[in-house]
>>> print(open('target.pdb').read())   # PDB, C-alpha atoms
ATOM      1  CA  MET A   1      67.815  17.069 175.155
ATOM      2  CA  PRO A   2      71.212  16.278 176.702
ATOM      3  CA  GLU A   3      73.318  19.244 177.826
ATOM      4  CA  ILE A   4      76.164  18.435 175.433
ATOM      5  CA  ALA A   5      73.776  18.389 172.454
ATOM      6  CA  ASP A   6      72.289  21.690 173.595
ATOM      7  CA  GLY A   7      75.755  23.251 173.743
ATOM      8  CA  ILE A   8      76.794  21.923 170.338
ATOM      9  CA  LEU A   9      73.548  23.101 168.736
ATOM     10  CA  GLY A  10      74.058  26.533 170.300
ATOM     11  CA  VAL A  11      77.526  26.799 168.771
ATOM     12  CA  MET A  12      76.209  25.690 165.374
ATOM     13  CA  CYS A  13      73.346  28.222 165.503
ATOM     14  CA  HIS A  14      75.843  30.950 166.361
ATOM     15  CA  GLN A  15      78.015  29.951 163.368
ATOM     16  CA  LEU A  16      74.974  29.894 161.072
ATOM     17  CA  ASN A  17      73.918  33.373 162.207
ATOM     18  CA  GLY A  18      77.462  34.615 161.559
ATOM     19  CA  LEU A  19      77.443  33.118 158.046
ATOM     20  CA  ASN A  20      74.069  34.715 157.309
ATOM     21  CA  ALA A  21      75.399  38.094 158.416
ATOM     22  CA  ARG A  22      78.462  37.728 156.162
ATOM     23  CA  VAL A  23      76.295  36.679 153.189
ATOM     24  CA  ASP A  24      74.048  39.720 153.764
ATOM     25  CA  GLY A  25      77.083  42.004 153.888
ATOM     26  CA  LEU A  26      78.557  40.583 150.692
ATOM     27  CA  THR A  27      75.164  40.826 148.961
ATOM     28  CA  LYS A  28      74.964  44.520 149.855
ATOM     29  CA  LEU A  29      78.510  45.014 148.555
ATOM     30  CA  ILE A  30      77.596  43.362 145.238
ATOM     31  CA  GLU A  31      74.492  45.572 144.997
ATOM     32  CA  GLN A  32      76.574  48.715 145.595
ATOM     33  CA  HIS A  33      79.060  47.737 142.895
ATOM     34  CA  ALA A  34      76.227  46.891 140.492
ATOM     35  CA  TRP A  35      74.718  50.347 140.928
ATOM     36  CA  LEU A  36      78.108  51.933 140.201
ATOM     37  CA  ASP A  37      78.552  50.067 136.885
ATOM     38  CA  ALA A  38      76.617  51.588 133.964
ATOM     39  CA  ASP A  39      76.167  48.247 132.161
ATOM     40  CA  ALA A  40      74.889  46.526 135.299
ATOM     41  CA  ARG A  41      72.455  49.404 135.971
ATOM     42  CA  ARG A  42      71.204  49.098 132.407
ATOM     43  CA  LEU A  43      70.617  45.352 132.840
ATOM     44  CA  MET A  44      68.861  45.766 136.200
ATOM     45  CA  ARG A  45      66.101  47.735 134.473
ATOM     46  CA  MET A  46      65.029  44.497 132.772
ATOM     47  CA  PRO A  47      62.301  42.572 134.590
ATOM     48  CA  GLY A  48      63.685  39.469 136.292
ATOM     49  CA  ILE A  49      67.278  40.717 136.510
ATOM     50  CA  GLY A  50      68.590  41.958 139.829
ATOM     51  CA  PRO A  51      71.957  43.226 141.012
ATOM     52  CA  ILE A  52      73.548  39.803 141.471
ATOM     53  CA  THR A  53      72.526  38.577 138.016
ATOM     54  CA  ALA A  54      73.505  41.858 136.369
ATOM     55  CA  SER A  55      76.923  41.989 138.014
ATOM     56  CA  ALA A  56      77.575  38.319 137.200
ATOM     57  CA  ILE A  57      76.704  38.899 133.542
ATOM     58  CA  VAL A  58      78.858  42.016 133.257
ATOM     59  CA  ALA A  59      81.793  40.310 134.976
ATOM     60  CA  THR A  60      81.564  37.074 132.979
ATOM     61  CA  VAL A  61      80.644  38.347 129.518
ATOM     62  CA  GLY A  62      82.953  41.342 129.548
ATOM     63  CA  ASP A  63      82.698  42.954 126.105
ATOM     64  CA  ALA A  64      79.468  41.728 124.515
ATOM     65  CA  LYS A  65      80.778  42.735 121.088
ATOM     66  CA  GLN A  66      82.832  39.537 121.095
ATOM     67  CA  PHE A  67      79.553  37.838 120.103
ATOM     68  CA  GLU A  68      78.283  38.580 116.599
ATOM     69  CA  THR A  69      74.611  38.212 117.514
ATOM     70  CA  GLY A  70      72.399  37.817 120.543
ATOM     71  CA  ARG A  71      71.879  34.191 119.573
ATOM     72  CA  ASP A  72      75.619  33.621 119.918
ATOM     73  CA  LEU A  73      75.489  34.933 123.485
ATOM     74  CA  ALA A  74      72.444  32.761 124.242
ATOM     75  CA  ALA A  75      74.255  29.736 122.802
ATOM     76  CA  TRP A  76      77.365  30.560 124.837
ATOM     77  CA  LEU A  77      75.176  30.537 127.948
ATOM     78  CA  GLY A  78      73.618  27.202 126.904
ATOM     79  CA  LEU A  79      70.113  28.612 126.397
ATOM     80  CA  THR A  80      69.493  27.684 122.765
ATOM     81  CA  PRO A  81      67.550  24.533 121.912
ATOM     82  CA  LEU A  82      69.267  21.528 120.369
ATOM     83  CA  ASN A  83      68.638  21.419 116.636
ATOM     84  CA  LYS A  84      67.515  17.973 115.479
ATOM     85  CA  SER A  85      66.379  19.013 112.026
ATOM     86  CA  SER A  86      66.613  16.809 108.974
ATOM     87  CA  GLY A  87      65.244  16.907 105.469
ATOM     88  CA  GLY A  88      63.841  20.406 105.761
ATOM     89  CA  ARG A  89      61.774  19.493 108.806
ATOM     90  CA  GLU A  90      62.744  21.643 111.766
ATOM     91  CA  ARG A  91      62.705  19.936 115.175
ATOM     92  CA  LEU A  92      64.056  21.718 118.227
ATOM     93  CA  GLY A  93      64.859  19.828 121.424
ATOM     94  CA  ARG A  94      65.709  20.869 124.954
ATOM     95  CA  ILE A  95      68.329  23.521 125.738
ATOM     96  CA  THR A  96      71.942  22.525 125.262
ATOM     97  CA  LYS A  97      73.162  23.359 128.808
ATOM     98  CA  LYS A  98      76.714  23.557 127.452
ATOM     99  CA  GLY A  99      77.436  27.108 128.544
ATOM    100  CA  ASP A 100      77.885  29.045 131.756
ATOM    101  CA  ARG A 101      75.857  27.141 134.331
ATOM    102  CA  TYR A 102      75.790  29.902 136.971
ATOM    103  CA  ILE A 103      74.466  32.685 134.739
ATOM    104  CA  ARG A 104      72.030  30.303 133.046
ATOM    105  CA  LYS A 105      70.655  29.347 136.459
ATOM    106  CA  LEU A 106      70.395  33.002 137.556
ATOM    107  CA  LEU A 107      68.510  33.901 134.371
ATOM    108  CA  ILE A 108      66.135  30.952 134.688
ATOM    109  CA  VAL A 109      65.399  31.769 138.340
ATOM    110  CA  GLY A 110      64.823  35.437 137.477
ATOM    111  CA  MET A 111      62.521  34.606 134.592
ATOM    112  CA  THR A 112      60.655  32.075 136.753
ATOM    113  CA  SER A 113      60.007  34.914 139.174
ATOM    114  CA  ARG A 114      58.795  37.067 136.283
ATOM    115  CA  ALA A 115      56.538  34.246 135.050
ATOM    116  CA  LEU A 116      55.063  33.735 138.516
ATOM    117  CA  MET A 117      54.299  37.444 138.694
ATOM    118  CA  ALA A 118      52.657  37.255 135.267
ATOM    119  CA  ARG A 119      50.570  34.277 136.368
ATOM    120  CA  ASN A 120      49.513  35.873 139.667
ATOM    121  CA  LYS A 121      48.999  39.412 138.324
ATOM    122  CA  PRO A 122      48.215  39.085 134.593
ATOM    123  CA  GLU A 123      47.313  42.776 134.300
ATOM    124  CA  LYS A 124      50.960  43.715 135.016
ATOM    125  CA  ALA A 125      52.510  41.241 132.551
ATOM    126  CA  ASP A 126      53.765  42.381 129.158
ATOM    127  CA  THR A 127      51.986  40.935 126.111
ATOM    128  CA  TRP A 128      54.794  38.573 125.042
ATOM    129  CA  THR A 129      55.055  37.002 128.498
ATOM    130  CA  ALA A 130      51.282  36.680 128.842
ATOM    131  CA  LYS A 131      50.980  35.058 125.403
ATOM    132  CA  LEU A 132      53.862  32.661 126.124
ATOM    133  CA  MET A 133      52.326  31.669 129.467
ATOM    134  CA  ASP A 134      48.995  30.942 127.743
ATOM    135  CA  GLU A 135      50.461  28.877 124.903
ATOM    136  CA  LYS A 136      53.243  26.881 126.574
ATOM    137  CA  PRO A 137      53.633  24.819 129.743
ATOM    138  CA  PHE A 138      54.974  26.834 132.670
ATOM    139  CA  ARG A 139      58.445  25.240 132.824
ATOM    140  CA  LEU A 140      58.953  25.485 129.061
ATOM    141  CA  ALA A 141      58.037  29.177 129.217
ATOM    142  CA  THR A 142      60.462  29.834 132.071
ATOM    143  CA  VAL A 143      63.304  28.363 130.008
ATOM    144  CA  ALA A 144      62.272  30.136 126.775
ATOM    145  CA  MET A 145      62.229  33.517 128.515
ATOM    146  CA  PRO A 146      65.966  33.500 129.433
ATOM    147  CA  ASN A 147      66.820  32.743 125.791
ATOM    148  CA  LYS A 148      65.053  35.921 124.708
ATOM    149  CA  SER A 149      66.491  37.800 127.695
ATOM    150  CA  ALA A 150      70.028  36.811 126.687
ATOM    151  CA  ARG A 151      69.412  38.300 123.255
ATOM    152  CA  ILE A 152      68.074  41.496 124.829
ATOM    153  CA  ILE A 153      71.086  41.594 127.181
ATOM    154  CA  TRP A 154      73.404  41.361 124.179
ATOM    155  CA  ALA A 155      71.592  44.276 122.509
ATOM    156  CA  LEU A 156      71.720  46.393 125.670
ATOM    157  CA  LEU A 157      75.426  45.765 126.204
ATOM    158  CA  THR A 158      76.516  46.281 122.592
ATOM    159  CA  LYS A 159      74.340  49.292 121.754
ATOM    160  CA  LYS A 160      74.632  50.901 125.225
ATOM    161  CA  GLU A 161      70.901  51.663 125.203
ATOM    162  CA  GLU A 162      68.386  51.583 128.029
ATOM    163  CA  HIS A 163      65.852  48.773 128.294
ATOM    164  CA  ARG A 164      62.410  49.672 126.947
ATOM    165  CA  GLN A 165      59.283  47.678 127.621
ATOM    166  CA  PRO A 166      57.661  46.470 124.386
ATOM    167  CA  ILE A 167      54.610  48.437 123.297
ATOM    168  CA  ALA A 168      51.407  46.371 123.392
TER     169      ALA A 168
END
>>> encode(input="target.pdb", output="structure tokens")
Amino acid sequence: MPEIADGILGVMCHQLNGLNARVDGLTKLIEQHAWLDADARRLMRMPGIGPITASAIVATVGDAKQFETGRDLAAWLGLTPLNKSSGGRERLGRITKKGDRYIRKLLIVGMTSRALMARNKPEKADTWTAKLMDEKPFRLATVAMPNKSARIIWALLTKKEEHRQPIA
């Protein structure tokens, strides 16, 4: 490798290491702030939701009582399926994707992690997740789970209750 290329690559590696250190520091700062906020702490008790997702939801949604129902919050996030019903025959399509792209992506990634855990360790999965993973294709399940999670998030934020795992 030529000396000039070696020097340039060294500088770029140094910059990349500096960026990684700054990202780690900011991540720790977000985690600290999430643990200080009661709503974020409440959300972090849900499986698949970590400090970054919880703090993003609390910061973006604000007062969850602005939504009448959990479905309204899920629709605002773009997690509800398109309704293509006609003549009394109900047909649901793919999710609308018309809402907050960042939070939707965080929820889908978190629920994908939860689904992978359920697939790899089925004894630790809750009954709803296990049943959904058995009945639906993996990717469909990982997009259906954030829809339900958004509804649970709405309930946690409006009622100020702690998250409880469903009983068998």
>>> residues_around(input="target.pdb", residues="A:Leu107", least_positions_apart="4", cutoff="9 Å", atoms="all atoms listed in the file", output="PyMOL selection string")
chain A and resi 48-49+53+102-103+111-112+143+145-147+149-150
>>> closest_atom_pairs(input="target.pdb", of="stretch 20-124 of chain A", to="stretch 151-163 of chain A", cutoff="12 Å", atoms="all atoms listed in the file", output="Markdown table")
| residue | atom | partner | partner_atom | distance |
| --- | --- | --- | --- | --- |
| A:Asp37 | CA | A:Leu157 | CA | 11.9 |
| A:Ala38 | CA | A:Lys160 | CA | 9.0 |
| A:Asp39 | CA | A:Leu157 | CA | 6.5 |
| A:Ala40 | CA | A:Leu157 | CA | 9.1 |
| A:Arg41 | CA | A:Glu162 | CA | 9.2 |
| A:Arg42 | CA | A:Glu162 | CA | 5.8 |
| A:Leu43 | CA | A:Ile153 | CA | 6.8 |
| A:Met44 | CA | A:His163 | CA | 9.0 |
| A:Arg45 | CA | A:His163 | CA | 6.3 |
| A:Met46 | CA | A:His163 | CA | 6.2 |
| A:Pro47 | CA | A:His163 | CA | 9.5 |
| A:Gly48 | CA | A:Ile153 | CA | 11.9 |
| A:Ile49 | CA | A:Ile153 | CA | 10.1 |
| A:Thr53 | CA | A:Ile153 | CA | 11.3 |
| A:Ala54 | CA | A:Ile153 | CA | 9.5 |
| A:Ile57 | CA | A:Ile153 | CA | 8.9 |
| A:Val58 | CA | A:Leu157 | CA | 8.7 |
| A:Val61 | CA | A:Trp154 | CA | 9.5 |
| A:Gly62 | CA | A:Leu157 | CA | 9.3 |
| A:Asp63 | CA | A:Leu157 | CA | 7.8 |
| A:Ala64 | CA | A:Thr158 | CA | 5.8 |
| A:Lys65 | CA | A:Thr158 | CA | 5.7 |
| A:Gln66 | CA | A:Thr158 | CA | 9.4 |
| A:Phe67 | CA | A:Trp154 | CA | 8.2 |
| A:Glu68 | CA | A:Trp154 | CA | 9.4 |
| A:Thr69 | CA | A:Trp154 | CA | 7.5 |
| A:Gly70 | CA | A:Arg151 | CA | 4.1 |
| A:Arg71 | CA | A:Arg151 | CA | 6.0 |
| A:Asp72 | CA | A:Arg151 | CA | 8.5 |
| A:Leu73 | CA | A:Trp154 | CA | 6.8 |
| A:Ala74 | CA | A:Arg151 | CA | 6.4 |
| A:Ala75 | CA | A:Arg151 | CA | 9.8 |
| A:Trp76 | CA | A:Arg151 | CA | 11.2 |
| A:Leu77 | CA | A:Arg151 | CA | 10.7 |
| A:Leu79 | CA | A:Arg151 | CA | 10.2 |
| A:Thr80 | CA | A:Arg151 | CA | 10.6 |
| A:Leu107 | CA | A:Ile153 | CA | 10.8 |
>>> closest_residue(input="target.pdb", among="A:Lys148, A:Lys131, A:Arg114, A:Lys121", to="A:Gly50", atoms="all atoms listed in the file")
A:Arg114
>>> residues_around(input="target.pdb", residues="A:Ala130", least_positions_apart="5", cutoff="10 Å", atoms="only C-alpha atoms", output="list in words")
Ala115, Ala118, Arg119, Pro122, Glu123, Lys124, Ala125 and Glu135 of chain A
>>> atom_distance(input="target.pdb", atom1="atom CA of A:Ser113", atom2="atom CA of A:Gln165")
17.2 Å
>>> closest_residue(input="target.pdb", among="A:Ser55, A:Asn120, A:Thr27, A:Asn20", to="A:Leu106", atoms="all atoms listed in the file")
A:Ser55
>>> closest_residue(input="target.pdb", among="A:Leu9, A:Ala59, A:Arg104, A:Leu29", to="A:Gly78", atoms="all atoms listed in the file")
A:Arg104
>>> atom_distance(input="target.pdb", atom1="atom CA of A:Ala34", atom2="atom CA of A:Thr127")
28.8 Å
>>> closest_residue(input="target.pdb", among="A:Arg139, A:Ser86, A:His14, A:Pro51", to="A:Glu31", atoms="only C-alpha atoms")
A:Pro51
>>> atom_distance(input="target.pdb", atom1="atom CA of A:Met133", atom2="atom CA of A:Met117")
11.1 Å
